[in-house]
>>> print(open('work-v3.json').read())   # JSON, C-alpha atoms and all ligand atoms
[["chain", "number", "residue", "atom", "x", "y", "z"],
["G", 428, "MET", "CA", -4.95, -67.56, 35.59],
["G", 429, "LEU", "CA", -2.38, -64.90, 34.78],
["G", 430, "ILE", "CA", -1.48, -63.14, 38.05],
["G", 431, "PHE", "CA", 0.72, -60.07, 38.49],
["G", 432, "HIS", "CA", 0.94, -60.07, 42.27],
["G", 433, "GLN", "CA", -0.25, -62.00, 45.29],
["G", 434, "GLY", "CA", -0.13, -61.12, 48.96],
["G", 435, "TRP", "CA", -2.05, -60.62, 52.19],
["G", 436, "SER", "CA", -4.78, -58.18, 53.03],
["G", 437, "GLU", "CA", -6.39, -57.29, 56.35],
["G", 438, "ASN", "CA", -10.04, -56.21, 56.56],
["G", 439, "PHE", "CA", -10.01, -54.20, 53.35],
["G", 440, "ASP", "CA", -10.55, -56.71, 50.54],
["G", 441, "GLY", "CA", -13.11, -58.69, 52.50],
["G", 442, "PRO", "CA", -13.53, -59.62, 56.15],
["G", 443, "GLY", "CA", -10.52, -60.64, 58.23],
["G", 444, "THR", "CA", -7.13, -61.84, 57.06],
["G", 445, "ARG", "CA", -7.13, -62.70, 53.38],
["G", 446, "LEU", "CA", -4.95, -64.16, 50.73],
["G", 447, "ILE", "CA", -5.33, -61.93, 47.67],
["G", 448, "PHE", "CA", -4.48, -62.62, 44.04],
["G", 449, "TYR", "CA", -4.34, -59.80, 41.49],
["G", 450, "LEU", "CA", -5.21, -60.93, 37.98],
["G", 451, "LYS", "CA", -3.39, -59.35, 35.06],
["G", 452, "GLY", "CA", -5.17, -57.64, 32.17],
["G", 453, "CYS", "CA", -7.74, -54.85, 32.20],
["G", 454, "ASN", "CA", -10.20, -53.41, 29.68],
["G", 455, "PHE", "CA", -10.03, -49.97, 31.36],
["G", 456, "ARG", "CA", -7.28, -47.34, 31.12],
["G", 457, "CYS", "CA", -8.17, -45.16, 34.12],
["G", 458, "ASP", "CA", -5.78, -42.22, 34.13],
["G", 459, "TRP", "CA", -5.52, -42.36, 37.97],
["G", 460, "CYS", "CA", -4.77, -46.13, 38.03],
["G", 461, "ALA", "CA", -2.34, -47.04, 40.83],
["G", 462, "SER", "CA", -1.47, -50.44, 39.33],
["G", 463, "PRO", "CA", -0.33, -49.78, 35.74],
["G", 464, "GLU", "CA", 1.40, -53.17, 35.69],
["G", 465, "SER", "CA", -2.06, -54.73, 35.92],
["G", 466, "ILE", "CA", -3.26, -53.48, 32.55],
["G", 467, "HIS", "CA", -1.54, -55.40, 29.74],
["G", 468, "PRO", "CA", -2.58, -59.04, 29.49],
["G", 469, "GLU", "CA", 1.03, -60.21, 29.11],
["G", 470, "PRO", "CA", 3.90, -60.52, 31.58],
["G", 471, "GLU", "CA", 6.15, -57.45, 31.71],
["G", 472, "LEU", "CA", 9.19, -56.09, 33.49],
["G", 473, "LEU", "CA", 9.35, -53.19, 35.95],
["G", 474, "TYR", "CA", 12.76, -51.59, 36.41],
["G", 475, "THR", "CA", 13.51, -49.11, 39.22],
["G", 476, "PRO", "CA", 17.04, -47.75, 38.64],
["G", 477, "GLU", "CA", 17.29, -46.28, 42.16],
["G", 478, "ARG", "CA", 17.27, -49.84, 43.55],
["G", 479, "ASN", "CA", 20.01, -51.12, 41.23],
["G", 480, "ARG", "CA", 23.30, -51.94, 43.01],
["G", 481, "ASP", "CA", 24.80, -53.85, 40.07],
["G", 482, "ARG", "CA", 27.73, -51.80, 38.74],
["G", 483, "SER", "CA", 28.78, -54.42, 36.19],
["G", 484, "GLY", "CA", 25.52, -55.07, 34.32],
["G", 485, "ARG", "CA", 25.96, -58.82, 34.82],
["G", 486, "SER", "CA", 22.51, -59.30, 36.36],
["G", 487, "CYS", "CA", 21.28, -59.18, 32.77],
["G", 488, "PRO", "CA", 23.08, -61.99, 30.90],
["G", 489, "HIS", "CA", 21.59, -60.67, 27.63],
["G", 490, "GLY", "CA", 23.42, -57.34, 27.79],
["G", 491, "ALA", "CA", 20.33, -55.18, 28.31],
["G", 492, "LEU", "CA", 21.68, -53.54, 31.48],
["G", 493, "SER", "CA", 24.65, -51.19, 31.17],
["G", 494, "PRO", "CA", 27.22, -50.77, 34.00],
["G", 495, "GLU", "CA", 25.77, -47.27, 34.39],
["G", 496, "GLY", "CA", 22.36, -48.79, 35.14],
["G", 497, "ALA", "CA", 20.60, -47.91, 31.87],
["G", 498, "LEU", "CA", 18.17, -50.56, 30.60],
["G", 499, "ASP", "CA", 17.66, -51.34, 26.92],
["G", 500, "ARG", "CA", 13.97, -52.30, 27.00],
["G", 501, "GLY", "CA", 14.03, -53.40, 23.37],
["G", 502, "ARG", "CA", 16.27, -56.32, 24.37],
["G", 503, "CYS", "CA", 14.06, -57.18, 27.34],
["G", 504, "ARG", "CA", 11.10, -57.70, 25.06],
["G", 505, "SER", "CA", 12.83, -60.64, 23.37],
["G", 506, "CYS", "CA", 14.22, -62.21, 26.55],
["G", 507, "GLY", "CA", 12.57, -65.48, 27.49],
["G", 508, "ASP", "CA", 14.09, -66.15, 30.91],
["G", 509, "HIS", "CA", 14.09, -62.78, 32.77],
["G", 510, "ALA", "CA", 17.20, -64.01, 34.57],
["G", 511, "CYS", "CA", 17.56, -60.60, 36.27],
["G", 512, "THR", "CA", 14.70, -61.67, 38.56],
["G", 513, "THR", "CA", 14.83, -65.48, 38.53],
["G", 514, "ILE", "CA", 18.62, -66.05, 38.84],
["G", 515, "TRP", "CA", 20.20, -62.76, 39.93],
["G", 516, "ARG", "CA", 17.25, -61.52, 41.96],
["G", 517, "ASN", "CA", 18.32, -57.94, 41.38],
["G", 518, "PRO", "CA", 15.82, -55.90, 43.49],
["G", 519, "ALA", "CA", 15.67, -53.22, 40.79],
["G", 520, "PHE", "CA", 13.73, -55.67, 38.59],
["G", 521, "GLU", "CA", 10.26, -57.03, 39.12],
["G", 522, "TRP", "CA", 8.59, -59.47, 36.77],
["G", 523, "ALA", "CA", 4.84, -58.91, 36.73],
["G", 524, "GLY", "CA", 2.98, -61.89, 35.28],
["G", 525, "TYR", "CA", 2.91, -65.60, 36.07],
["G", 526, "GLU", "CA", 0.40, -68.40, 35.69],
["G", 527, "LEU", "CA", -1.33, -70.03, 38.65],
["G", 528, "SER", "CA", -3.79, -72.88, 38.22],
["G", 529, "SER", "CA", -6.93, -73.22, 40.30],
["G", 530, "SER", "CA", -5.42, -76.19, 42.14],
["G", 531, "GLU", "CA", -2.30, -74.15, 42.94],
["G", 532, "VAL", "CA", -4.47, -71.37, 44.39],
["G", 533, "LEU", "CA", -6.32, -73.97, 46.47],
["G", 534, "ARG", "CA", -3.02, -75.43, 47.68],
["G", 535, "LEU", "CA", -1.79, -71.98, 48.77],
["G", 536, "ALA", "CA", -5.05, -71.36, 50.62],
["G", 537, "GLU", "CA", -4.89, -74.78, 52.30],
["G", 538, "GLU", "CA", -1.31, -74.11, 53.44],
["G", 539, "ALA", "CA", -2.50, -70.92, 55.15],
["G", 540, "ARG", "CA", -5.90, -72.22, 56.30],
["G", 541, "ASP", "CA", -5.22, -71.66, 60.01],
["G", 542, "LEU", "CA", -4.48, -67.97, 59.40],
["G", 543, "LEU", "CA", -7.09, -67.22, 56.75],
["G", 544, "SER", "CA", -10.55, -65.71, 56.83],
["G", 545, "GLY", "CA", -10.87, -65.98, 53.06],
["G", 546, "VAL", "CA", -9.46, -65.53, 49.58],
["G", 547, "THR", "CA", -9.94, -62.47, 47.35],
["G", 548, "PHE", "CA", -9.33, -61.90, 43.62],
["G", 549, "GLY", "CA", -8.65, -58.40, 42.31],
["G", 550, "GLY", "CA", -6.88, -56.94, 39.33],
["G", 551, "GLY", "CA", -6.62, -55.71, 36.69],
["G", 552, "GLU", "CA", -10.08, -56.89, 35.80],
["G", 553, "PRO", "CA", -10.53, -60.47, 37.00],
["G", 554, "THR", "CA", -13.68, -61.14, 34.97],
["G", 555, "LEU", "CA", -11.58, -61.03, 31.77],
["G", 556, "GLN", "CA", -10.41, -64.50, 32.93],
["G", 557, "ILE", "CA", -13.90, -65.53, 33.99],
["G", 558, "ASP", "CA", -13.70, -69.26, 33.20],
["G", 559, "ALA", "CA", -10.55, -69.79, 35.28],
["G", 560, "LEU", "CA", -11.89, -67.48, 37.98],
["G", 561, "LEU", "CA", -15.17, -69.39, 38.33],
["G", 562, "GLU", "CA", -13.35, -72.73, 38.40],
["G", 563, "THR", "CA", -11.11, -71.44, 41.22],
["G", 564, "LEU", "CA", -14.01, -69.95, 43.17],
["G", 565, "THR", "CA", -15.86, -73.27, 42.98],
["G", 566, "LEU", "CA", -12.85, -75.21, 44.28],
["G", 567, "LEU", "CA", -12.30, -72.77, 47.14],
["G", 568, "ARG", "CA", -15.94, -72.67, 48.20],
["G", 569, "HIS", "CA", -16.22, -76.46, 48.15],
["G", 570, "ALA", "CA", -13.19, -76.52, 50.44],
["G", 571, "GLY", "CA", -14.96, -74.16, 52.85],
["G", 572, "PHE", "CA", -13.15, -70.87, 52.11],
["G", 573, "HIS", "CA", -14.97, -67.52, 52.05],
["G", 574, "THR", "CA", -14.37, -65.91, 48.64],
["G", 575, "ALA", "CA", -14.44, -62.33, 47.31],
["G", 576, "VAL", "CA", -13.94, -60.72, 43.90],
["G", 577, "GLU", "CA", -13.22, -57.06, 43.03],
["G", 578, "SER", "CA", -14.46, -56.07, 39.57],
["G", 579, "ASN", "CA", -15.00, -52.95, 37.49],
["G", 580, "ALA", "CA", -18.47, -54.36, 36.59],
["G", 581, "SER", "CA", -18.07, -53.56, 32.91],
["G", 582, "THR", "CA", -17.65, -56.91, 31.17],
["G", 583, "PRO", "CA", -20.01, -59.62, 29.93],
["G", 584, "GLY", "CA", -18.15, -62.03, 32.24],
["G", 585, "PHE", "CA", -19.23, -60.02, 35.28],
["G", 586, "ARG", "CA", -22.77, -61.26, 34.75],
["G", 587, "ARG", "CA", -21.69, -64.80, 35.68],
["G", 588, "LEU", "CA", -20.38, -63.78, 39.10],
["G", 589, "PRO", "CA", -23.47, -62.98, 41.22],
["G", 590, "GLY", "CA", -24.19, -66.02, 43.35],
["G", 591, "ALA", "CA", -20.88, -67.68, 42.42],
["G", 592, "VAL", "CA", -18.86, -65.72, 44.98],
["G", 593, "ASP", "CA", -19.56, -64.94, 48.64],
["G", 594, "LEU", "CA", -18.72, -61.22, 48.51],
["G", 595, "LEU", "CA", -18.67, -59.10, 45.38],
["G", 596, "PHE", "CA", -16.97, -55.68, 45.25],
["G", 597, "ALA", "CA", -18.13, -53.74, 42.18],
["G", 598, "ASP", "CA", -16.76, -50.38, 41.04],
["G", 599, "LEU", "CA", -18.90, -47.39, 40.17],
["G", 600, "LYS", "CA", -16.74, -44.61, 38.75],
["G", 601, "THR", "CA", -19.00, -42.43, 36.62],
["G", 602, "LEU", "CA", -22.17, -42.81, 34.55],
["G", 603, "ASP", "CA", -21.12, -40.13, 32.05],
["G", 604, "PRO", "CA", -20.28, -41.70, 28.64],
["G", 605, "ALA", "CA", -17.99, -38.78, 27.67],
["G", 606, "LEU", "CA", -15.98, -39.12, 30.90],
["G", 607, "PHE", "CA", -15.82, -42.85, 30.38],
["G", 608, "ARG", "CA", -14.16, -42.27, 27.04],
["G", 609, "SER", "CA", -11.82, -39.45, 28.10],
["G", 610, "ARG", "CA", -10.72, -40.60, 31.59],
["G", 611, "ILE", "CA", -11.20, -44.38, 31.42],
["G", 612, "GLY", "CA", -10.53, -45.00, 27.74],
["G", 613, "ALA", "CA", -13.37, -47.50, 27.42],
["G", 614, "SER", "CA", -17.09, -47.81, 27.00],
["G", 615, "GLY", "CA", -19.01, -48.13, 30.25],
["G", 616, "GLU", "CA", -22.23, -49.13, 28.53],
["G", 617, "LEU", "CA", -22.60, -52.42, 30.46],
["G", 618, "VAL", "CA", -21.86, -51.00, 33.92],
["G", 619, "ALA", "CA", -25.32, -49.77, 34.94],
["G", 620, "GLY", "CA", -27.06, -52.95, 33.79],
["G", 621, "ASN", "CA", -24.44, -55.16, 35.40],
["G", 622, "LEU", "CA", -24.78, -53.34, 38.70],
["G", 623, "ARG", "CA", -28.57, -53.67, 38.60],
["G", 624, "LEU", "CA", -28.15, -57.42, 38.04],
["G", 625, "ALA", "CA", -25.71, -57.70, 40.96],
["G", 626, "ALA", "CA", -28.02, -55.64, 43.18],
["G", 627, "ARG", "CA", -30.80, -58.17, 42.56],
["G", 628, "LEU", "CA", -28.81, -61.40, 42.73],
["G", 629, "GLN", "CA", -25.77, -60.94, 44.97],
["G", 630, "SER", "CA", -26.51, -60.99, 48.70],
["G", 631, "GLU", "CA", -23.11, -59.72, 49.89],
["G", 632, "LEU", "CA", -22.40, -56.74, 47.62],
["G", 633, "ARG", "CA", -20.23, -53.66, 48.15],
["G", 634, "LEU", "CA", -19.96, -50.85, 45.63],
["G", 635, "ARG", "CA", -16.68, -48.99, 45.53],
["G", 636, "ILE", "CA", -16.48, -45.44, 44.20],
["G", 637, "PRO", "CA", -13.00, -44.02, 43.64],
["G", 638, "VAL", "CA", -13.44, -40.28, 44.18],
["G", 639, "VAL", "CA", -11.25, -38.61, 41.56],
["G", 640, "THR", "CA", -10.66, -34.97, 40.66],
["G", 641, "GLY", "CA", -12.61, -33.97, 37.56],
["G", 642, "LEU", "CA", -14.39, -37.32, 37.39],
["G", 643, "ASN", "CA", -16.89, -37.40, 40.23],
["G", 644, "ASP", "CA", -15.79, -34.85, 42.86],
["G", 645, "THR", "CA", -18.40, -32.20, 42.06],
["G", 646, "PRO", "CA", -21.76, -31.90, 43.84],
["G", 647, "ALA", "CA", -23.60, -32.47, 40.54],
["G", 648, "ALA", "CA", -21.70, -35.70, 39.81],
["G", 649, "GLN", "CA", -22.23, -36.91, 43.35],
["G", 650, "ARG", "CA", -25.95, -36.21, 43.21],
["G", 651, "GLU", "CA", -26.20, -38.26, 40.01],
["G", 652, "LEU", "CA", -24.27, -41.18, 41.54],
["G", 653, "THR", "CA", -26.39, -40.97, 44.69],
["G", 654, "ARG", "CA", -29.60, -41.15, 42.63],
["G", 655, "PHE", "CA", -28.25, -44.24, 40.87],
["G", 656, "CYS", "CA", -27.28, -45.89, 44.19],
["G", 657, "ALA", "CA", -30.73, -45.14, 45.62],
["G", 658, "ALA", "CA", -32.28, -46.89, 42.60],
["G", 659, "LEU", "CA", -30.00, -49.90, 43.20],
["G", 660, "LEU", "CA", -31.06, -49.95, 46.84],
["G", 661, "GLU", "CA", -34.67, -50.39, 45.67],
["G", 662, "LEU", "CA", -33.60, -53.62, 43.92],
["G", 663, "ARG", "CA", -31.83, -55.14, 46.92],
["G", 664, "PRO", "CA", -33.62, -58.15, 48.43],
["G", 665, "THR", "CA", -31.67, -57.49, 51.63],
["G", 666, "GLY", "CA", -32.88, -53.87, 51.78],
["G", 667, "LYS", "CA", -29.26, -52.79, 52.27],
["G", 668, "LEU", "CA", -26.65, -51.30, 49.94],
["G", 669, "THR", "CA", -23.07, -50.73, 51.06],
["G", 670, "VAL", "CA", -20.90, -48.12, 49.31],
["G", 671, "GLU", "CA", -17.24, -47.45, 50.06],
["G", 672, "LEU", "CA", -15.66, -44.18, 48.93],
["G", 673, "LEU", "CA", -11.95, -44.40, 48.11],
["G", 674, "ARG", "CA", -9.85, -41.28, 47.82],
["G", 675, "GLN", "CA", -7.66, -40.81, 44.73],
["G", 676, "HIS", "CA", -3.90, -40.85, 45.37],
["G", 677, "HIS", "CA", -0.61, -40.74, 43.46],
["G", 678, "LEU", "CA", 1.07, -43.74, 45.13],
["G", 679, "GLY", "CA", 1.27, -45.64, 41.85],
["G", 680, "GLU", "CA", 3.41, -42.99, 40.14],
["G", 681, "PRO", "CA", 6.79, -44.78, 40.64],
["G", 682, "LYS", "CA", 5.42, -47.82, 38.83],
["G", 683, "TYR", "CA", 4.80, -45.75, 35.70],
["G", 684, "ARG", "CA", 8.47, -44.80, 35.71],
["G", 685, "ALA", "CA", 9.41, -48.45, 36.29],
["G", 686, "LEU", "CA", 7.36, -49.40, 33.22],
["G", 687, "ASP", "CA", 8.67, -46.41, 31.22],
["G", 688, "ARG", "CA", 5.16, -45.06, 30.72],
["G", 689, "PRO", "CA", 3.83, -41.54, 31.24],
["G", 690, "TYR", "CA", 1.71, -40.78, 34.32],
["G", 691, "ARG", "CA", -0.74, -38.21, 33.01],
["G", 692, "LEU", "CA", -1.91, -36.97, 36.43],
["G", 693, "ALA", "CA", 1.52, -36.19, 37.90],
["G", 694, "GLY", "CA", 1.28, -33.30, 40.35],
["G", 695, "GLY", "CA", -2.49, -33.01, 39.94],
["G", 696, "ALA", "CA", -4.85, -32.13, 42.77],
["G", 697, "ILE", "CA", -6.72, -34.85, 44.62],
["G", 698, "PRO", "CA", -10.11, -34.49, 46.30],
["G", 699, "SER", "CA", -10.13, -33.37, 49.93],
["G", 700, "ARG", "CA", -11.23, -35.69, 52.72],
["G", 701, "GLU", "CA", -14.13, -33.28, 53.35],
["G", 702, "THR", "CA", -15.35, -33.90, 49.80],
["G", 703, "LEU", "CA", -15.55, -37.62, 50.50],
["G", 704, "HIS", "CA", -17.31, -37.13, 53.85],
["G", 705, "GLU", "CA", -19.87, -34.80, 52.24],
["G", 706, "PHE", "CA", -20.46, -37.38, 49.51],
["G", 707, "ALA", "CA", -20.93, -40.10, 52.16],
["G", 708, "ALA", "CA", -23.45, -37.92, 53.99],
["G", 709, "LEU", "CA", -25.39, -37.44, 50.75],
["G", 710, "LEU", "CA", -25.45, -41.20, 50.16],
["G", 711, "ARG", "CA", -26.60, -41.84, 53.73],
["G", 712, "SER", "CA", -29.43, -39.33, 53.28],
["G", 713, "ALA", "CA", -30.62, -41.61, 50.46],
["G", 714, "GLY", "CA", -30.58, -44.67, 52.74],
["G", 715, "VAL", "CA", -27.25, -46.06, 51.52],
["G", 716, "ASP", "CA", -24.75, -47.48, 54.02],
["G", 717, "ALA", "CA", -21.75, -45.34, 53.01],
["G", 718, "SER", "CA", -18.25, -45.22, 54.48],
["G", 719, "VAL", "CA", -15.04, -43.38, 53.62],
["G", 720, "PHE", "CA", -11.52, -44.75, 53.10],
["G", 721, "ALA", "CA", -9.35, -41.67, 52.85],
["Z", 1, "LIG", "S1", 14.18, -59.25, 31.38],
["Z", 1, "LIG", "FE1", 15.81, -60.45, 30.38],
["Z", 1, "LIG", "S2", 16.80, -58.97, 28.94],
["Z", 1, "LIG", "FE2", 15.60, -57.75, 30.41],
["Z", 1, "LIG", "S3", 17.05, -57.18, 32.04],
["Z", 1, "LIG", "FE3", 16.01, -59.10, 32.68],
["Z", 1, "LIG", "S4", 17.36, -60.80, 31.96],
["Z", 1, "LIG", "FE4", 17.94, -58.92, 30.86]]
>>> encode(input="work-v3.json", output="structure tokens", more="lines below")
Ligand code: SF4
Amino acid sequence: MLIFHQGWSENFDGPGTRLIFYLKGCNFRCDWCASPESIHPEPELLYTPERNRDRSGRSCPHGALSPEGALDRGRCRSCGDHACTTIWRNPAFEWAGYELSSSEVLRLAEEARDLLSGVTFGGGEPTLQIDALLETLTLLRHAGFHTAVESNASTPGFRRLPGAVDLLFADLKTLDPALFRSRIGASGELVAGNLRLAARLQSELRLRIPVVTGLNDTPAAQRELTRFCAALLELRPTGKLTVELLRQHHLGEPKYRALDRPYRLAGGAIPSRETLHEFAALLRSAGVDASVFA
């Protein structure tokens, strides 16, 4: 699997203390995305000049870093060793993208077994690497680890997940095809059907709705999403549907600068906490178990 980051998570990406792996590559281009380094399915370099203490430029042996701290990204693209991170370990540079095999993931989980409640895979969109993901989930579950996956629920690969993972987090952003195109840069045509499938087949299922200005923060949009969630609830063999509302933020903005990409929502308004609590109340009135992370 191609990973861009791994770390620890506590009671947010599944129950208890978890090892989490973020898979690189995504079919969406959400304009509020807080992990822009997750999107391209190739390794890439982040450079944060404010962290650079190298006044000689020697932490790039290929001459891409000037003594003044300017980076020639054209040279980086042809560099095969990214010595700035592997040899010089200059904190201004971060290399996002490395391969981990399923047996390496299992080994890391085994090393931490005494501390772990489970292992979670996020992204990016992890179902774009569905074969490797399923192989890893199988190994982990056979070894007795609780597993979780976080997906945008939009791919054909998503349909292979229900029943193959202990806990499935599935995003619901909007059901409006025009908003899908303009704010997410993709077709969401598979999302509704995929979520219906997961509602029927996946016993531990949590929907996540990022509440975003102009996307789904209006009463009309929230009524439509609530109607859809109520219909999913009807399909649940458990009779229970959990929905988590996540508030939009701008914390990913520095990463756009580090990747030399524009952040289109800079300075834009974000929904109020009250908006999320009102949305949660609406969902609860439809029988959905809704909570707010704001
Ligand atoms: S990625 Fe390669 S070329 Fe770019 S700064 Fe690092 S060592 Fe230099």
>>> atom_distance(input="work-v3.json", atom1="CA of Leu473 in chain G", atom2="CA of Leu560 in chain G")
25.7 Å
>>> closest_residue(input="work-v3.json", among="G:Cys487, G:Ala657, G:Cys460, G:Ile430", to="ligand LIG 1 (chain Z)", atoms="only C-alpha atoms and all ligand atoms")
G:Cys487
>>> closest_residue(input="work-v3.json", among="G:Arg540, G:Arg691, G:Lys600, G:Arg482", to="Ala648 in chain G", atoms="only C-alpha atoms")
G:Lys600
>>> atom_distance(input="work-v3.json", atom1="CA of Gly490 in chain G", atom2="atom FE4 of ligand LIG 1 (chain Z)")
6.5 Å
>>> residues_near_ligand(input="work-v3.json", ligand="ligand LIG 1 (chain Z)", cutoff="6 Å", atoms="all atoms listed in the file", output="NGL selection string")
:G and (487-489 or 491-492 or 502-503 or 506 or 508-511)
>>> closest_residue(input="work-v3.json", among="G:Ala658, G:Leu678, G:Val546, G:Ala721", to="Ala575 in chain G", atoms="all atoms listed in the file")
G:Val546
>>> closest_residue(input="work-v3.json", among="G:Leu472, G:Ala597, G:Ala605, G:Ala570", to="Pro518 in chain G", atoms="all atoms listed in the file")
G:Leu472
>>> residues_around(input="work-v3.json", residues="His432 in chain G", least_positions_apart="4", cutoff="12 Å", atoms="all atoms listed in the file", output="PyMOL selection string")
chain G and resi 428+446-451+462+464-465+470+521-527+548-551
>>> atom_distance(input="work-v3.json", atom1="CA of His676 in chain G", atom2="CA of Phe585 in chain G")
26.5 Å
>>> residues_near_point(input="work-v3.json", point="(18.9, -49.9, 44.3)", cutoff="12 Å", atoms="all atoms listed in the file", output="PyMOL selection string")
chain G and resi 474-482+496+516-520
>>> closest_residue(input="work-v3.json", among="G:Arg711, G:Leu628, G:Ser529, G:Arg610", to="Leu588 in chain G", atoms="only C-alpha atoms")
G:Leu628
>>> closest_atom_pairs(input="work-v3.json", of="range 563-587 of chain G", to="range 613-621 of chain G", cutoff="9 Å", atoms="only C-alpha atoms", output="Markdown table")
| residue | atom | partner | partner_atom | distance |
| --- | --- | --- | --- | --- |
| G:Asn579 | CA | G:Val618 | CA | 8.0 |
| G:Ala580 | CA | G:Val618 | CA | 5.5 |
| G:Ser581 | CA | G:Val618 | CA | 4.7 |
| G:Thr582 | CA | G:Leu617 | CA | 6.7 |
| G:Pro583 | CA | G:Leu617 | CA | 7.7 |
| G:Phe585 | CA | G:Asn621 | CA | 7.1 |
| G:Arg586 | CA | G:Asn621 | CA | 6.4 |
>>> closest_residue(input="work-v3.json", among="G:Asp716, G:Glu680, G:Glu495, G:Asp593", to="Cys656 in chain G", atoms="all atoms listed in the file")
G:Asp716
>>> residues_around(input="work-v3.json", residues="Asp458 in chain G", least_positions_apart="2", cutoff="9 Å", atoms="all atoms listed in the file", output="MDAnalysis selection string")
chainID G and resid 456 460:461 609:612 690:692
>>> residues_around(input="work-v3.json", residues="range 561-569 of chain G", least_positions_apart="2", cutoff="8 Å", atoms="only C-alpha atoms", output="list of chain:residue names")
G:Ser529, G:Ser530, G:Val532, G:Leu533, G:Ile557, G:Asp558, G:Ala559, G:Gly571, G:Phe572, G:His573, G:Thr574, G:Leu588, G:Ala591, G:Val592
>>> write_last_selection(input="work-v3.json", atoms="C-alpha atoms", output="mmCIF file, keeping the file's coordinate frame")
data_model
loop_
_atom_site.group_PDB
_atom_site.id
_atom_site.type_symbol
_atom_site.label_atom_id
_atom_site.label_comp_id
_atom_site.auth_asym_id
_atom_site.auth_seq_id
_atom_site.Cartn_x
_atom_site.Cartn_y
_atom_site.Cartn_z
ATOM 1 C CA SER G 529 -6.930 -73.220 40.300
ATOM 2 C CA SER G 530 -5.420 -76.190 42.140
ATOM 3 C CA VAL G 532 -4.470 -71.370 44.390
ATOM 4 C CA LEU G 533 -6.320 -73.970 46.470
ATOM 5 C CA ILE G 557 -13.900 -65.530 33.990
ATOM 6 C CA ASP G 558 -13.700 -69.260 33.200
ATOM 7 C CA ALA G 559 -10.550 -69.790 35.280
ATOM 8 C CA GLY G 571 -14.960 -74.160 52.850
ATOM 9 C CA PHE G 572 -13.150 -70.870 52.110
ATOM 10 C CA HIS G 573 -14.970 -67.520 52.050
ATOM 11 C CA THR G 574 -14.370 -65.910 48.640
ATOM 12 C CA LEU G 588 -20.380 -63.780 39.100
ATOM 13 C CA ALA G 591 -20.880 -67.680 42.420
ATOM 14 C CA VAL G 592 -18.860 -65.720 44.980
#
>>> residues_around(input="work-v3.json", residues="Leu703 in chain G", least_positions_apart="4", cutoff="7 Å", atoms="only C-alpha atoms", output="list of chain:residue names")
G:Leu672, G:Ser699, G:Ala707, G:Val719
